[in-house]
>>> print(open('start.pdb').read())   # PDB, C-alpha atoms
ATOM      1  CA  MET X1082     -30.151  -6.744  -4.798
ATOM      2  CA  ARG X1083     -27.921  -7.083  -1.721
ATOM      3  CA  VAL X1084     -24.507  -5.460  -1.234
ATOM      4  CA  ILE X1085     -22.185  -6.060   1.715
ATOM      5  CA  VAL X1086     -19.717  -3.299   2.525
ATOM      6  CA  GLU X1087     -16.757  -3.613   4.881
ATOM      7  CA  SER X1088     -17.615  -1.250   7.725
ATOM      8  CA  HIS X1089     -14.230   0.510   7.899
ATOM      9  CA  ILE X1090     -14.409   1.880   4.345
ATOM     10  CA  PRO X1091     -14.937   5.640   4.780
ATOM     11  CA  HIS X1092     -17.067   8.042   2.735
ATOM     12  CA  ILE X1093     -19.434   5.292   1.546
ATOM     13  CA  ARG X1094     -22.262   4.947   4.092
ATOM     14  CA  GLY X1095     -25.649   5.767   2.667
ATOM     15  CA  LEU X1096     -24.497   6.253  -0.932
ATOM     16  CA  ILE X1097     -25.375   2.764  -2.205
ATOM     17  CA  ASP X1098     -28.504   2.394  -0.053
ATOM     18  CA  PRO X1099     -30.919   4.031  -2.555
ATOM     19  CA  PHE X1100     -29.922   1.404  -5.129
ATOM     20  CA  ALA X1101     -29.706  -1.824  -3.086
ATOM     21  CA  SER X1102     -30.114  -3.428   0.311
ATOM     22  CA  VAL X1103     -26.796  -2.732   2.057
ATOM     23  CA  ASP X1104     -25.181  -4.361   5.110
ATOM     24  CA  TYR X1105     -22.045  -2.932   6.735
ATOM     25  CA  LEU X1106     -19.966  -5.685   8.330
ATOM     26  CA  GLU X1107     -16.689  -5.962  10.217
ATOM     27  CA  PRO X1108     -14.017  -7.982   8.333
ATOM     28  CA  VAL X1109     -14.471 -10.959  10.699
ATOM     29  CA  GLU X1110     -18.201 -10.947   9.895
ATOM     30  CA  PHE X1111     -17.574 -11.780   6.235
ATOM     31  CA  THR X1112     -18.453 -15.466   6.547
ATOM     32  CA  PRO X1113     -19.831 -17.913   3.951
ATOM     33  CA  GLU X1114     -23.209 -17.679   5.680
ATOM     34  CA  ALA X1115     -23.185 -13.864   5.607
ATOM     35  CA  VAL X1116     -22.285 -13.555   1.913
ATOM     36  CA  ARG X1117     -24.309 -16.463   0.563
ATOM     37  CA  ASP X1118     -27.195 -14.308  -0.668
ATOM     38  CA  ALA X1119     -25.124 -11.217  -1.472
ATOM     39  CA  ASP X1120     -24.784  -9.983  -5.038
ATOM     40  CA  ALA X1121     -21.784  -7.711  -4.475
ATOM     41  CA  LEU X1122     -19.018  -7.220  -1.900
ATOM     42  CA  ILE X1123     -17.052  -4.034  -1.230
ATOM     43  CA  VAL X1124     -13.978  -4.898   0.843
ATOM     44  CA  ARG X1125     -10.475  -3.939   1.963
ATOM     45  CA  THR X1126      -7.371  -6.103   2.259
ATOM     46  CA  ARG X1127      -8.476  -7.836   5.470
ATOM     47  CA  THR X1128     -11.277  -9.767   3.720
ATOM     48  CA  ARG X1129     -10.021 -12.884   1.952
ATOM     49  CA  CYS X1130     -12.206 -13.433  -1.103
ATOM     50  CA  ASN X1131     -11.638 -17.040  -2.106
ATOM     51  CA  ALA X1132     -13.430 -20.359  -2.443
ATOM     52  CA  ALA X1133     -13.783 -20.704   1.324
ATOM     53  CA  LEU X1134     -15.819 -17.503   1.436
ATOM     54  CA  LEU X1135     -17.555 -17.519  -1.933
ATOM     55  CA  ASP X1136     -18.503 -21.135  -2.708
ATOM     56  CA  GLY X1137     -22.267 -21.446  -2.914
ATOM     57  CA  SER X1138     -22.863 -17.693  -2.951
ATOM     58  CA  ARG X1139     -24.492 -15.619  -5.666
ATOM     59  CA  VAL X1140     -21.757 -12.950  -5.546
ATOM     60  CA  ARG X1141     -20.983 -11.625  -9.029
ATOM     61  CA  PHE X1142     -19.072  -8.442  -8.185
ATOM     62  CA  ILE X1143     -16.212  -7.763  -5.763
ATOM     63  CA  GLY X1144     -14.810  -4.279  -5.352
ATOM     64  CA  SER X1145     -11.692  -3.674  -3.261
ATOM     65  CA  ALA X1146     -11.222  -0.055  -2.207
ATOM     66  CA  THR X1147      -7.463  -0.661  -2.126
ATOM     67  CA  ILE X1148      -4.653  -0.723  -4.650
ATOM     68  CA  GLY X1149      -3.850  -4.432  -4.373
ATOM     69  CA  THR X1150      -5.730  -7.649  -5.127
ATOM     70  CA  ASP X1151      -3.565 -10.263  -3.388
ATOM     71  CA  HIS X1152      -6.427 -10.863  -0.896
ATOM     72  CA  ILE X1153      -8.679 -11.935  -3.790
ATOM     73  CA  ASP X1154      -8.408 -15.278  -5.589
ATOM     74  CA  LEU X1155      -8.550 -13.869  -9.108
ATOM     75  CA  ASP X1156      -8.449 -17.299 -10.769
ATOM     76  CA  TYR X1157     -11.425 -18.462  -8.739
ATOM     77  CA  CYS X1158     -13.347 -15.304  -9.570
ATOM     78  CA  ASP X1159     -12.592 -15.619 -13.263
ATOM     79  CA  LYS X1160     -13.765 -19.233 -13.328
ATOM     80  CA  HIS X1161     -16.972 -18.357 -11.462
ATOM     81  CA  ASP X1162     -17.877 -15.278 -13.512
ATOM     82  CA  ILE X1163     -17.198 -12.831 -10.670
ATOM     83  CA  THR X1164     -16.092  -9.367 -11.773
ATOM     84  CA  VAL X1165     -13.293  -7.889  -9.643
ATOM     85  CA  ARG X1166     -12.398  -4.209  -9.464
ATOM     86  CA  ASN X1167      -9.789  -2.483  -7.330
ATOM     87  CA  ALA X1168      -8.565   1.093  -6.887
ATOM     88  CA  PRO X1169      -5.044   1.345  -8.357
ATOM     89  CA  GLY X1170      -3.198   4.502  -7.380
ATOM     90  CA  CYS X1171      -5.899   5.794  -5.038
ATOM     91  CA  ASN X1172      -3.509   6.270  -2.123
ATOM     92  CA  ALA X1173      -0.277   6.921  -4.034
ATOM     93  CA  PRO X1174       0.300  10.508  -2.806
ATOM     94  CA  ALA X1175      -0.284   9.427   0.794
ATOM     95  CA  VAL X1176       2.265   6.613   0.563
ATOM     96  CA  ALA X1177       4.776   9.012  -0.991
ATOM     97  CA  GLN X1178       4.088  11.355   1.925
ATOM     98  CA  TRP X1179       4.856   8.465   4.314
ATOM     99  CA  VAL X1180       8.103   7.659   2.483
ATOM    100  CA  PHE X1181       9.537  11.154   2.763
ATOM    101  CA  THR X1182       8.363  11.821   6.305
ATOM    102  CA  ALA X1183      10.059   8.537   7.241
ATOM    103  CA  ILE X1184      13.243   9.538   5.423
ATOM    104  CA  HIS X1185      13.171  12.970   7.071
ATOM    105  CA  ALA X1186      12.756  11.383  10.520
ATOM    106  CA  TRP X1187      15.639   8.994   9.806
ATOM    107  CA  MET X1188      17.859  11.844   8.607
ATOM    108  CA  GLN X1189      17.172  13.746  11.816
ATOM    109  CA  GLN X1190      17.959  10.700  13.933
ATOM    110  CA  ARG X1191      21.228  10.119  12.084
ATOM    111  CA  GLY X1192      22.321  13.740  11.867
ATOM    112  CA  ILE X1193      21.977  14.000   8.079
ATOM    113  CA  THR X1194      21.123  17.586   7.130
ATOM    114  CA  SER X1195      20.497  17.351   3.387
ATOM    115  CA  PRO X1196      19.487  14.884   0.670
ATOM    116  CA  ASP X1197      22.526  15.997  -1.325
ATOM    117  CA  GLY X1198      24.810  13.000  -1.696
ATOM    118  CA  LEU X1199      22.092  10.464  -0.837
ATOM    119  CA  THR X1200      21.020   7.941  -3.467
ATOM    120  CA  LEU X1201      17.460   6.622  -3.246
ATOM    121  CA  GLY X1202      16.625   3.318  -4.920
ATOM    122  CA  ILE X1203      12.992   2.646  -5.824
ATOM    123  CA  VAL X1204      11.946  -0.958  -6.434
ATOM    124  CA  GLY X1205       8.626  -0.857  -8.278
ATOM    125  CA  VAL X1206       7.804   2.255 -10.287
ATOM    126  CA  GLY X1207       4.030   2.202 -10.608
ATOM    127  CA  HIS X1208       1.601   4.816  -9.292
ATOM    128  CA  ILE X1209       3.408   5.192  -5.961
ATOM    129  CA  GLY X1210       6.980   4.656  -7.117
ATOM    130  CA  SER X1211       6.549   7.245  -9.864
ATOM    131  CA  ILE X1212       5.496   9.939  -7.383
ATOM    132  CA  VAL X1213       8.335   8.962  -5.036
ATOM    133  CA  ALA X1214      10.795   9.233  -7.920
ATOM    134  CA  ARG X1215       9.514  12.639  -9.048
ATOM    135  CA  TRP X1216       9.512  14.106  -5.557
ATOM    136  CA  ALA X1217      12.943  12.643  -4.753
ATOM    137  CA  SER X1218      14.460  14.253  -7.844
ATOM    138  CA  GLN X1219      12.987  17.617  -6.857
ATOM    139  CA  LEU X1220      14.372  17.250  -3.341
ATOM    140  CA  GLY X1221      17.925  16.620  -4.490
ATOM    141  CA  PHE X1222      18.272  12.856  -4.087
ATOM    142  CA  THR X1223      20.007  10.842  -6.755
ATOM    143  CA  VAL X1224      17.274   8.463  -7.904
ATOM    144  CA  LEU X1225      17.746   4.922  -9.240
ATOM    145  CA  LEU X1226      14.822   2.862 -10.533
ATOM    146  CA  ASN X1227      14.213  -0.883 -10.705
ATOM    147  CA  ASP X1228      11.096  -2.344 -12.321
ATOM    148  CA  PRO X1229      11.737  -5.424 -14.483
ATOM    149  CA  PRO X1230       8.083  -5.894 -15.532
ATOM    150  CA  ARG X1231       7.843  -2.289 -16.747
ATOM    151  CA  GLU X1232      11.238  -2.498 -18.432
ATOM    152  CA  HIS X1233      10.161  -5.664 -20.248
ATOM    153  CA  ARG X1234       6.722  -4.332 -21.131
ATOM    154  CA  GLU X1235       7.829  -0.908 -22.326
ATOM    155  CA  GLY X1236      11.146  -1.849 -23.847
ATOM    156  CA  LEU X1237      12.895   1.020 -22.133
ATOM    157  CA  SER X1238      16.669   1.139 -21.927
ATOM    158  CA  ASN X1239      18.800   0.599 -18.840
ATOM    159  CA  GLU X1240      19.324   4.347 -18.728
ATOM    160  CA  GLN X1241      15.980   4.494 -16.906
ATOM    161  CA  PHE X1242      15.670   1.077 -15.256
ATOM    162  CA  LEU X1243      18.606  -0.590 -13.548
ATOM    163  CA  SER X1244      19.158  -4.074 -12.210
ATOM    164  CA  LEU X1245      18.589  -4.868  -8.558
ATOM    165  CA  ASP X1246      22.330  -5.498  -8.324
ATOM    166  CA  GLU X1247      22.986  -1.885  -9.334
ATOM    167  CA  LEU X1248      20.651  -0.612  -6.610
ATOM    168  CA  GLN X1249      22.324  -2.882  -4.071
ATOM    169  CA  ARG X1250      25.696  -1.451  -5.021
ATOM    170  CA  ARG X1251      24.859   2.242  -5.289
ATOM    171  CA  CYS X1252      21.973   3.170  -2.974
ATOM    172  CA  ASP X1253      21.946   4.660   0.525
ATOM    173  CA  ILE X1254      18.185   4.108   0.864
ATOM    174  CA  ILE X1255      16.003   1.473  -0.818
ATOM    175  CA  THR X1256      12.212   1.637  -0.760
ATOM    176  CA  PHE X1257       9.876  -1.099  -2.048
ATOM    177  CA  HIS X1258       6.662  -0.340  -3.960
ATOM    178  CA  THR X1259       5.763  -3.592  -5.704
ATOM    179  CA  PRO X1260       2.726  -5.858  -5.532
ATOM    180  CA  ILE X1261       3.197  -9.217  -3.826
ATOM    181  CA  THR X1262       3.640 -12.115  -6.256
ATOM    182  CA  ARG X1263       4.946 -15.624  -5.633
ATOM    183  CA  ASP X1264       5.086 -16.850  -9.220
ATOM    184  CA  GLY X1265       6.102 -15.615 -12.636
ATOM    185  CA  GLN X1266       9.364 -14.244 -13.942
ATOM    186  CA  TRP X1267       9.786 -11.620 -11.223
ATOM    187  CA  PRO X1268       8.300 -12.840  -7.922
ATOM    188  CA  THR X1269       8.376 -10.304  -5.105
ATOM    189  CA  TRP X1270       7.611 -12.565  -2.130
ATOM    190  CA  HIS X1271      10.674 -12.271   0.159
ATOM    191  CA  LEU X1272      12.437 -10.168  -2.462
ATOM    192  CA  CYS X1273      14.139  -8.462   0.461
ATOM    193  CA  ASN X1274      15.791 -11.559   1.898
ATOM    194  CA  THR X1275      19.144 -12.483   3.411
ATOM    195  CA  ALA X1276      20.867 -12.705   0.029
ATOM    196  CA  PHE X1277      19.538  -9.292  -0.978
ATOM    197  CA  LEU X1278      20.563  -7.645   2.283
ATOM    198  CA  ASN X1279      23.991  -9.296   2.286
ATOM    199  CA  GLY X1280      24.531  -7.908  -1.210
ATOM    200  CA  LEU X1281      24.109  -4.282  -0.120
ATOM    201  CA  SER X1282      27.280  -2.224  -0.375
ATOM    202  CA  ARG X1283      26.367   1.115   1.214
ATOM    203  CA  CYS X1284      22.648   1.020   1.987
ATOM    204  CA  ARG X1285      21.765   2.458   5.388
ATOM    205  CA  LEU X1286      17.959   2.381   5.311
ATOM    206  CA  ILE X1287      15.460  -0.212   4.025
ATOM    207  CA  MET X1288      11.807   0.828   3.688
ATOM    208  CA  ASN X1289       8.671  -1.218   3.021
ATOM    209  CA  ALA X1290       5.299   0.467   2.560
ATOM    210  CA  ALA X1291       4.076  -1.987  -0.082
ATOM    211  CA  ARG X1292       3.243  -5.499   1.166
ATOM    212  CA  GLY X1293       4.584  -7.162   4.298
ATOM    213  CA  PRO X1294       5.864 -10.433   2.780
ATOM    214  CA  ILE X1295       8.126  -8.556   0.363
ATOM    215  CA  ALA X1296      10.593  -8.397   3.270
ATOM    216  CA  ASN X1297      11.552 -11.443   5.314
ATOM    217  CA  ASN X1298      11.412 -10.832   9.057
ATOM    218  CA  ALA X1299      14.403 -13.002   9.941
ATOM    219  CA  ALA X1300      16.526 -11.396   7.231
ATOM    220  CA  LEU X1301      15.701  -7.882   8.415
ATOM    221  CA  LEU X1302      16.476  -8.819  11.999
ATOM    222  CA  SER X1303      19.931 -10.057  11.040
ATOM    223  CA  TRP X1304      20.745  -6.975   8.961
ATOM    224  CA  HIS X1305      22.916  -4.244  10.469
ATOM    225  CA  GLY X1306      21.200  -1.194   8.936
ATOM    226  CA  ASP X1307      18.143   0.902   9.743
ATOM    227  CA  ILE X1308      14.580  -0.146   8.927
ATOM    228  CA  ALA X1309      11.328   1.761   8.317
ATOM    229  CA  LEU X1310       8.198  -0.380   8.001
ATOM    230  CA  ASP X1311       4.531   0.247   7.435
ATOM    231  CA  CYS X1312       3.768  -3.226   6.029
ATOM    232  CA  TRP X1313       4.767  -6.277   8.038
ATOM    233  CA  GLU X1314       5.108  -9.964   7.432
ATOM    234  CA  ASN X1315       2.418 -11.857   9.383
ATOM    235  CA  GLU X1316       0.540  -8.707  10.377
ATOM    236  CA  PRO X1317      -1.272  -8.013  12.610
ATOM    237  CA  ALA X1318       0.873 -10.465  14.627
ATOM    238  CA  ILE X1319       4.033  -8.486  13.921
ATOM    239  CA  SER X1320       7.533  -9.366  15.111
ATOM    240  CA  LEU X1321       8.229  -7.526  18.356
ATOM    241  CA  PRO X1322      12.029  -7.755  18.000
ATOM    242  CA  LEU X1323      11.709  -6.278  14.501
ATOM    243  CA  LEU X1324       9.411  -3.546  15.801
ATOM    244  CA  ASP X1325      12.062  -2.655  18.355
ATOM    245  CA  ARG X1326      14.681  -2.425  15.604
ATOM    246  CA  CYS X1327      12.692  -0.041  13.403
ATOM    247  CA  VAL X1328      13.483   3.667  13.355
ATOM    248  CA  VAL X1329      10.010   4.223  11.884
ATOM    249  CA  ALA X1330       7.159   1.765  12.459
ATOM    250  CA  THR X1331       3.496   2.261  11.569
ATOM    251  CA  PRO X1332       0.464  -0.090  11.449
ATOM    252  CA  HIS X1333      -0.108  -0.360   7.679
ATOM    253  CA  ILE X1334      -1.495   3.156   7.407
ATOM    254  CA  ALA X1335       0.920   4.731   4.898
ATOM    255  CA  GLY X1336      -1.904   5.187   2.413
ATOM    256  CA  TYR X1337      -4.475   6.350   4.948
ATOM    257  CA  SER X1338      -5.172   9.888   3.817
ATOM    258  CA  ARG X1339      -8.621  11.421   3.614
ATOM    259  CA  GLU X1340      -8.161  12.084  -0.090
ATOM    260  CA  GLY X1341      -6.836   8.575  -0.770
ATOM    261  CA  LYS X1342      -9.857   6.996   0.886
ATOM    262  CA  GLN X1343     -12.147   9.317  -1.065
ATOM    263  CA  ARG X1344     -10.496   8.201  -4.303
ATOM    264  CA  GLY X1345     -10.787   4.530  -3.368
ATOM    265  CA  THR X1346     -14.459   4.876  -2.535
ATOM    266  CA  ALA X1347     -15.150   6.916  -5.669
ATOM    267  CA  MET X1348     -13.495   4.248  -7.811
ATOM    268  CA  MET X1349     -15.650   1.548  -6.208
ATOM    269  CA  LEU X1350     -18.829   3.541  -6.766
ATOM    270  CA  GLU X1351     -17.860   4.189 -10.366
ATOM    271  CA  ALA X1352     -17.263   0.453 -10.843
ATOM    272  CA  LEU X1353     -20.674  -0.357  -9.334
ATOM    273  CA  ASN X1354     -22.318   2.182 -11.628
ATOM    274  CA  GLU X1355     -20.635   0.627 -14.640
ATOM    275  CA  PHE X1356     -21.517  -2.936 -13.635
ATOM    276  CA  TYR X1357     -25.147  -2.365 -12.587
ATOM    277  CA  GLY X1358     -26.056   0.737 -14.569
ATOM    278  CA  TRP X1359     -26.607   2.782 -11.413
ATOM    279  CA  ASP X1360     -25.984   6.490 -10.890
ATOM    280  CA  ILE X1361     -24.401   6.660  -7.417
ATOM    281  CA  PRO X1362     -22.875  10.093  -6.714
ATOM    282  CA  PHE X1363     -19.115  10.236  -6.045
ATOM    283  CA  PRO X1364     -17.300  11.971  -3.166
ATOM    284  CA  THR X1365     -15.634  15.251  -4.126
ATOM    285  CA  ILE X1366     -11.835  14.987  -4.110
ATOM    286  CA  ASP X1367      -9.805  18.170  -3.761
ATOM    287  CA  ALA X1368      -6.285  16.853  -4.359
ATOM    288  CA  PRO X1369      -4.586  15.463  -7.497
ATOM    289  CA  ALA X1370      -4.076  11.695  -7.708
ATOM    290  CA  THR X1371      -0.579  12.362  -9.065
ATOM    291  CA  GLY X1372       0.501  14.159  -5.889
ATOM    292  CA  ALA X1373       1.763  17.687  -5.353
ATOM    293  CA  ALA X1374       3.508  19.256  -8.319
ATOM    294  CA  GLN X1375       6.221  20.906  -6.208
ATOM    295  CA  VAL X1376       7.533  19.700  -2.851
ATOM    296  CA  THR X1377      10.035  20.487  -0.113
ATOM    297  CA  LEU X1378      11.299  17.950   2.402
ATOM    298  CA  ASP X1379      10.497  20.197   5.360
ATOM    299  CA  GLY X1380       7.023  20.795   3.936
ATOM    300  CA  ILE X1381       6.280  17.093   3.581
ATOM    301  CA  ALA X1382       7.627  16.394   7.079
ATOM    302  CA  ALA X1383       5.477  19.163   8.553
ATOM    303  CA  SER X1384       2.368  17.671   6.932
ATOM    304  CA  TYR X1385       2.461  14.425   8.936
ATOM    305  CA  ASP X1386       3.817  13.474  12.379
ATOM    306  CA  ILE X1387       5.079  10.012  11.539
ATOM    307  CA  MET X1388       6.909   9.629  14.835
ATOM    308  CA  ALA X1389       3.628   9.978  16.743
ATOM    309  CA  ASP X1390       2.314   6.979  14.803
ATOM    310  CA  THR X1391       5.575   5.160  15.501
ATOM    311  CA  ALA X1392       5.319   5.846  19.220
ATOM    312  CA  ALA X1393       1.706   4.638  19.307
ATOM    313  CA  LEU X1394       2.553   1.318  17.667
ATOM    314  CA  LYS X1395       5.653   0.734  19.775
ATOM    315  CA  ALA X1396       3.684   1.448  22.937
ATOM    316  CA  ALA X1397       0.901  -1.027  22.081
ATOM    317  CA  PRO X1398       1.846  -3.456  19.275
ATOM    318  CA  ALA X1399      -0.998  -5.782  20.257
ATOM    319  CA  ASN X1400      -3.339  -2.991  19.146
ATOM    320  CA  PHE X1401      -2.037  -3.085  15.554
ATOM    321  CA  GLU X1402      -5.447  -3.799  14.047
ATOM    322  CA  SER X1403      -7.367  -1.296  16.144
ATOM    323  CA  LEU X1404      -4.750   1.393  15.488
ATOM    324  CA  ARG X1405      -5.254   0.733  11.792
ATOM    325  CA  ASN X1406      -9.049   0.543  11.863
ATOM    326  CA  THR X1407      -9.506   3.681  13.968
ATOM    327  CA  TYR X1408      -6.727   5.711  12.329
ATOM    328  CA  PRO X1409      -7.640   9.407  11.986
ATOM    329  CA  LEU X1410      -7.260   9.994   8.266
ATOM    330  CA  ARG X1411      -4.603  12.619   7.609
ATOM    331  CA  GLN X1412      -4.477  15.221   4.873
ATOM    332  CA  GLU X1413      -2.171  14.604   1.927
ATOM    333  CA  TYR X1414       0.720  16.953   1.282
ATOM    334  CA  ASN X1415      -0.455  19.266  -1.481
ATOM    335  CA  HIS X1416       1.434  22.560  -1.506
TER     336      HIS X1416
END
>>> encode(input="start.pdb", output="structure tokens")
Amino acid sequence: MRVIVESHIPHIRGLIDPFASVDYLEPVEFTPEAVRDADALIVRTRTRCNAALLDGSRVRFIGSATIGTDHIDLDYCDKHDITVRNAPGCNAPAVAQWVFTAIHAWMQQRGITSPDGLTLGIVGVGHIGSIVARWASQLGFTVLLNDPPREHREGLSNEQFLSLDELQRRCDIITFHTPITRDGQWPTWHLCNTAFLNGLSRCRLIMNAARGPIANNAALLSWHGDIALDCWENEPAISLPLLDRCVVATPHIAGYSREGKQRGTAMMLEALNEFYGWDIPFPTIDAPATGAAQVTLDGIAASYDIMADTAALKAAPANFESLRNTYPLRQEYNH
């Protein structure tokens, strides 16, 4: 039994080794030759798991210690009897922490002293969006929600979920927390495009800590408002003019908390145990996956120096990938 683990996944070294032969590889080392005789892969978003990588291999299990699966060809895996597991919600409190530290930094830069009178629009109300919504309500923001798939699936009324047009008309801040999809009834690829931005009535800040291609680079560059980005189109080769425009800019590390990584690893180990009948021990996690029960804006801002991360990226944008891979995992806000 051979398992290949992406070397930048924390809290995992040595735990699988008693149960299998384990190799720890850099993302660029995941080649068809390297995985050909592997039975299982544990990856992050930088490893593209598709026919080009997997054809001719004996891989039957892929675990992604991340919330998304857009780096995995799910149709290919289904057709080739490859089980795929991910870690939904593992980093949700950390991303919510990023959102409100970014908003706090923006408010300070623009001389806004209180959330009172600000309307926050949340596009995508899953694990992350739900925490953002709950915290925002506690902090005094007016909160508007948009999630057509949830609205359709749950049959909830427009009293809870509003159209994107309503958010465009009424929000001062809009933050995106959707997966990236190109097809289906509600595609999110380039959802934040020129038409969307031109339709904004009063929005002053656009935020993306979901997936880079949700927002179109050219559209953002032509927009007059403020921008806070953690996820970038074409990363790690990010747009330097767009970087210069951002009031907050980080190298896809919004979810990089110690607790979030522990949850992601624990979920992968649990999935391996279920698939192979193993008994790998899990990391201990000392923070709730639903985020802090009670929050203050000053407290969240004090928990994370987002402008230090912004300064580091703006000083060395060519180091995007190394800044991400060597990021010192921060502690989630949990007070």
>>> residues_around(input="start.pdb", residues="range 1268-1285 of chain X", least_positions_apart="6", cutoff="9 Å", atoms="all atoms listed in the file", output="number ranges by chain")
X: 1200, 1245-1246, 1248-1255, 1257, 1259-1262, 1292-1301, 1303-1308
>>> residues_around(input="start.pdb", residues="His1185 in chain X", least_positions_apart="3", cutoff="12 Å", atoms="only C-alpha atoms", output="PDB file with C-alpha atoms, keeping the file's coordinate frame")
ATOM      1  CA  GLN X1178       4.088  11.355   1.925  1.00  0.00           C
ATOM      2  CA  TRP X1179       4.856   8.465   4.314  1.00  0.00           C
ATOM      3  CA  VAL X1180       8.103   7.659   2.483  1.00  0.00           C
ATOM      4  CA  PHE X1181       9.537  11.154   2.763  1.00  0.00           C
ATOM      5  CA  THR X1182       8.363  11.821   6.305  1.00  0.00           C
ATOM      6  CA  MET X1188      17.859  11.844   8.607  1.00  0.00           C
ATOM      7  CA  GLN X1189      17.172  13.746  11.816  1.00  0.00           C
ATOM      8  CA  GLN X1190      17.959  10.700  13.933  1.00  0.00           C
ATOM      9  CA  ARG X1191      21.228  10.119  12.084  1.00  0.00           C
ATOM     10  CA  GLY X1192      22.321  13.740  11.867  1.00  0.00           C
ATOM     11  CA  ILE X1193      21.977  14.000   8.079  1.00  0.00           C
ATOM     12  CA  THR X1194      21.123  17.586   7.130  1.00  0.00           C
ATOM     13  CA  SER X1195      20.497  17.351   3.387  1.00  0.00           C
ATOM     14  CA  PRO X1196      19.487  14.884   0.670  1.00  0.00           C
ATOM     15  CA  ALA X1217      12.943  12.643  -4.753  1.00  0.00           C
ATOM     16  CA  LEU X1220      14.372  17.250  -3.341  1.00  0.00           C
ATOM     17  CA  ILE X1254      18.185   4.108   0.864  1.00  0.00           C
ATOM     18  CA  LEU X1286      17.959   2.381   5.311  1.00  0.00           C
ATOM     19  CA  ALA X1309      11.328   1.761   8.317  1.00  0.00           C
ATOM     20  CA  VAL X1328      13.483   3.667  13.355  1.00  0.00           C
ATOM     21  CA  VAL X1329      10.010   4.223  11.884  1.00  0.00           C
ATOM     22  CA  THR X1377      10.035  20.487  -0.113  1.00  0.00           C
ATOM     23  CA  LEU X1378      11.299  17.950   2.402  1.00  0.00           C
ATOM     24  CA  ASP X1379      10.497  20.197   5.360  1.00  0.00           C
ATOM     25  CA  GLY X1380       7.023  20.795   3.936  1.00  0.00           C
ATOM     26  CA  ILE X1381       6.280  17.093   3.581  1.00  0.00           C
ATOM     27  CA  ALA X1382       7.627  16.394   7.079  1.00  0.00           C
ATOM     28  CA  ALA X1383       5.477  19.163   8.553  1.00  0.00           C
ATOM     29  CA  SER X1384       2.368  17.671   6.932  1.00  0.00           C
ATOM     30  CA  TYR X1385       2.461  14.425   8.936  1.00  0.00           C
ATOM     31  CA  ASP X1386       3.817  13.474  12.379  1.00  0.00           C
ATOM     32  CA  ILE X1387       5.079  10.012  11.539  1.00  0.00           C
ATOM     33  CA  MET X1388       6.909   9.629  14.835  1.00  0.00           C
TER      34      MET X1388
END
>>> resolve_selection(input="start.pdb", expression="the PyMOL selection byres ((chain X and resi 1104-1118) around 9)", output="PyMOL selection string")
chain X and resi 1083-1089+1094+1102-1103+1119-1122+1124-1125+1127-1129+1133-1140
>>> write_last_selection(input="start.pdb", atoms="C-alpha atoms", output="tab-separated table (two decimals), in the frame of the given file")
chain	number	residue	atom	x	y	z
X	1083	ARG	CA	-27.92	-7.08	-1.72
X	1084	VAL	CA	-24.51	-5.46	-1.23
X	1085	ILE	CA	-22.18	-6.06	1.72
X	1086	VAL	CA	-19.72	-3.30	2.52
X	1087	GLU	CA	-16.76	-3.61	4.88
X	1088	SER	CA	-17.61	-1.25	7.72
X	1089	HIS	CA	-14.23	0.51	7.90
X	1094	ARG	CA	-22.26	4.95	4.09
X	1102	SER	CA	-30.11	-3.43	0.31
X	1103	VAL	CA	-26.80	-2.73	2.06
X	1119	ALA	CA	-25.12	-11.22	-1.47
X	1120	ASP	CA	-24.78	-9.98	-5.04
X	1121	ALA	CA	-21.78	-7.71	-4.47
X	1122	LEU	CA	-19.02	-7.22	-1.90
X	1124	VAL	CA	-13.98	-4.90	0.84
X	1125	ARG	CA	-10.48	-3.94	1.96
X	1127	ARG	CA	-8.48	-7.84	5.47
X	1128	THR	CA	-11.28	-9.77	3.72
X	1129	ARG	CA	-10.02	-12.88	1.95
X	1133	ALA	CA	-13.78	-20.70	1.32
X	1134	LEU	CA	-15.82	-17.50	1.44
X	1135	LEU	CA	-17.56	-17.52	-1.93
X	1136	ASP	CA	-18.50	-21.14	-2.71
X	1137	GLY	CA	-22.27	-21.45	-2.91
X	1138	SER	CA	-22.86	-17.69	-2.95
X	1139	ARG	CA	-24.49	-15.62	-5.67
X	1140	VAL	CA	-21.76	-12.95	-5.55
>>> atom_distance(input="start.pdb", atom1="CA of Phe1363 in chain X", atom2="CA of Leu1350 in chain X")
6.7 Å
>>> closest_atom_pairs(input="start.pdb", of="range 1313-1376 of chain X", to="range 1165-1172 of chain X", cutoff="9 Å", atoms="only C-alpha atoms", output="CSV")
residue,atom,partner,partner_atom,distance
X:Ala1335,CA,X:Asn1172,CA,8.4
X:Gly1336,CA,X:Asn1172,CA,4.9
X:Tyr1337,CA,X:Asn1172,CA,7.1
X:Ser1338,CA,X:Asn1172,CA,7.2
X:Glu1340,CA,X:Asn1172,CA,7.7
X:Gly1341,CA,X:Asn1172,CA,4.3
X:Lys1342,CA,X:Asn1172,CA,7.1
X:Gln1343,CA,X:Cys1171,CA,8.2
X:Arg1344,CA,X:Cys1171,CA,5.2
X:Gly1345,CA,X:Cys1171,CA,5.3
X:Thr1346,CA,X:Ala1168,CA,8.2
X:Ala1347,CA,X:Ala1168,CA,8.9
X:Met1348,CA,X:Ala1168,CA,5.9
X:Met1349,CA,X:Ala1168,CA,7.1
X:Ala1352,CA,X:Arg1166,CA,6.9
X:Ala1370,CA,X:Cys1171,CA,6.7
X:Thr1371,CA,X:Gly1170,CA,8.5
>>> residues_around(input="start.pdb", residues="range 1222-1227 of chain X", least_positions_apart="5", cutoff="6 Å", atoms="only C-alpha atoms", output="list in words")
Pro1196, Asp1197, Leu1199, Thr1200, Leu1201, Gly1202, Ile1203, Val1204, Ala1217, Phe1242 and Leu1243 of chain X
